[in-house]
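Each remark here refers to the structure printed beneath this line.
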Amino acid sequence: MARRKVTVRDAGEILDHWRAGRSIRAIAHSLGASHHTIRKYIAIAEAHGYRPGGSLPPEGWRAFLEEAAPEIFNPVLGSVIFAELRSRHDQIKGTVAYTNLMTA
């Protein structure tokens with residue numbers, strides 16, 4: 001399946017379906033999003049106390065997501081995070097190699 005960008009509207013729709021009690025599989029099928037993507041947005045909502053069948057955020061899903069996970073919808077923030085990871089690439093690579101040696 002081809003990768004596509006999830007918009008704020010898509011993420012809100014995912015959470016509307018989830019709040020209504022639909023399964024991850026049903027949401028993925030009806031919206032054309034991956035199970036991983038569905039789980040990512042559900043995890044954000046659950047981490048803030050939202051549950052299926054519960055109430056909506058007072059400000060709506062869009063405002064909630066922009067505040068709870070701004071890096072998802074602001075590419076500049078994502079770039080900052082990836083820049084930090086790139087700066088630590090050698091350290092991460094060394095740690096992974098060491099861990100693999102220790103568990104082998």
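Residues in the structure tokens are named by chain (A, B, ... in the order shown) and by number from 1 within that chain; ligands are numbered from 1 in the order shown.
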Can you list every residue of region 50-71 of chain A that has an atom at most 9 Å from region 34-45 of chain A, with its nearest atom pair and the distance in Å to one decimal, using only C-alpha atoms, ordered by chain then number, as JSON lines?
{"residue": "A:Tyr50", "atom": "CA", "partner": "A:Ala45", "partner_atom": "CA", "distance": 5.3}
{"residue": "A:Arg51", "atom": "CA", "partner": "A:Ala45", "partner_atom": "CA", "distance": 7.5}
{"residue": "A:Phe64", "atom": "CA", "partner": "A:Ala45", "partner_atom": "CA", "distance": 8.7}
{"residue": "A:Leu65", "atom": "CA", "partner": "A:Ile44", "partner_atom": "CA", "distance": 8.1}
{"residue": "A:Ala68", "atom": "CA", "partner": "A:Ile44", "partner_atom": "CA", "distance": 7.3}
{"residue": "A:Ala69", "atom": "CA", "partner": "A:Ile44", "partner_atom": "CA", "distance": 7.5}
Residue selection dump (N, CA and C atoms) as a compact mmCIF listing (two decimals), in the first residue's frame:
# COMPACT_ATOMS: atom_id res chain seq x y z
N TYR A 50 -8.72 9.98 27.13
CA TYR A 50 -9.92 9.75 26.31
C TYR A 50 -10.10 8.26 26.08
N ARG A 51 -11.35 7.82 26.02
CA ARG A 51 -11.69 6.42 25.85
C ARG A 51 -12.83 6.29 24.85
N PHE A 64 -7.13 19.65 19.96
CA PHE A 64 -6.53 18.70 20.91
C PHE A 64 -5.22 18.15 20.33
N LEU A 65 -5.28 17.65 19.09
CA LEU A 65 -4.09 17.05 18.48
C LEU A 65 -2.98 18.06 18.23
N ALA A 68 -1.60 18.41 21.79
CA ALA A 68 -1.06 17.19 22.38
C ALA A 68 0.12 16.62 21.59
N ALA A 69 0.12 16.80 20.27
CA ALA A 69 1.18 16.24 19.44
C ALA A 69 1.52 17.17 18.29
| task | Work out how far CA of Glu71 (chain A) is from CA of Trp18 (chain A), in Å to one decimal. | result |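 Separation between CA of Trp18 (chain A) and CA of Glu71 (chain A): 21.7 Å.
Put simply, CA of Gly21 (chain A) is 5.5 Å away from CA of Pro52 (chain A).
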| said: Please report the interatomic distance between CA of Thr99 (chain A) and CA of Ser87 (chain A) in Å with one decimal. | reply: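 That distance, rounded to one decimal, is 20.1 Å.
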| message | What parts of chain A does DSSP call alpha helix (DSSP H)? I'd like the answer as an NGL selection string. | response | :A and (8-19 or 24-31 or 35-47 or 61-68 or 70-73 or 75-87 or 89-103)
Which residues are near Ala63 (chain A)? Cut-off 12 Å, only C-alpha atoms, ignore same chain within fewer than 3 positions. Put them as a PDB file with C-alpha atoms, in the first residue's frame.
ATOM      1  CA  VAL A   8      -5.474  16.951  10.768  1.00  0.00           C
ATOM      2  CA  ARG A   9      -8.960  16.269   9.430  1.00  0.00           C
ATOM      3  CA  ALA A  11      -6.678  12.249  12.354  1.00  0.00           C
ATOM      4  CA  GLY A  12      -9.842  13.775  13.801  1.00  0.00           C
ATOM      5  CA  LEU A  56     -14.974  14.753  22.887  1.00  0.00           C
ATOM      6  CA  PRO A  57     -12.294  17.221  23.879  1.00  0.00           C
ATOM      7  CA  PRO A  58     -14.043  20.545  24.565  1.00  0.00           C
ATOM      8  CA  GLU A  59     -12.069  22.237  21.798  1.00  0.00           C
ATOM      9  CA  GLY A  60     -12.495  19.365  19.300  1.00  0.00           C
ATOM     10  CA  GLU A  66      -2.325  20.284  17.637  1.00  0.00           C
ATOM     11  CA  GLU A  67      -1.664  20.814  21.342  1.00  0.00           C
ATOM     12  CA  ALA A  68      -1.059  17.190  22.379  1.00  0.00           C
ATOM     13  CA  ALA A  69       1.178  16.236  19.438  1.00  0.00           C
ATOM     14  CA  PRO A  70       2.298  19.338  17.537  1.00  0.00           C
ATOM     15  CA  PHE A  73       1.277  18.421  12.040  1.00  0.00           C
TER      16      PHE A  73
END
| field | Non-local contacts of region 29-32 of chain A (10 Å; only C-alpha atoms; under 2 positions in same chain excluded) as JSON, numbers by chain | value | {"A": [1, 4, 10, 13, 14, 17, 23, 24, 25, 26, 27, 34, 35, 38]}
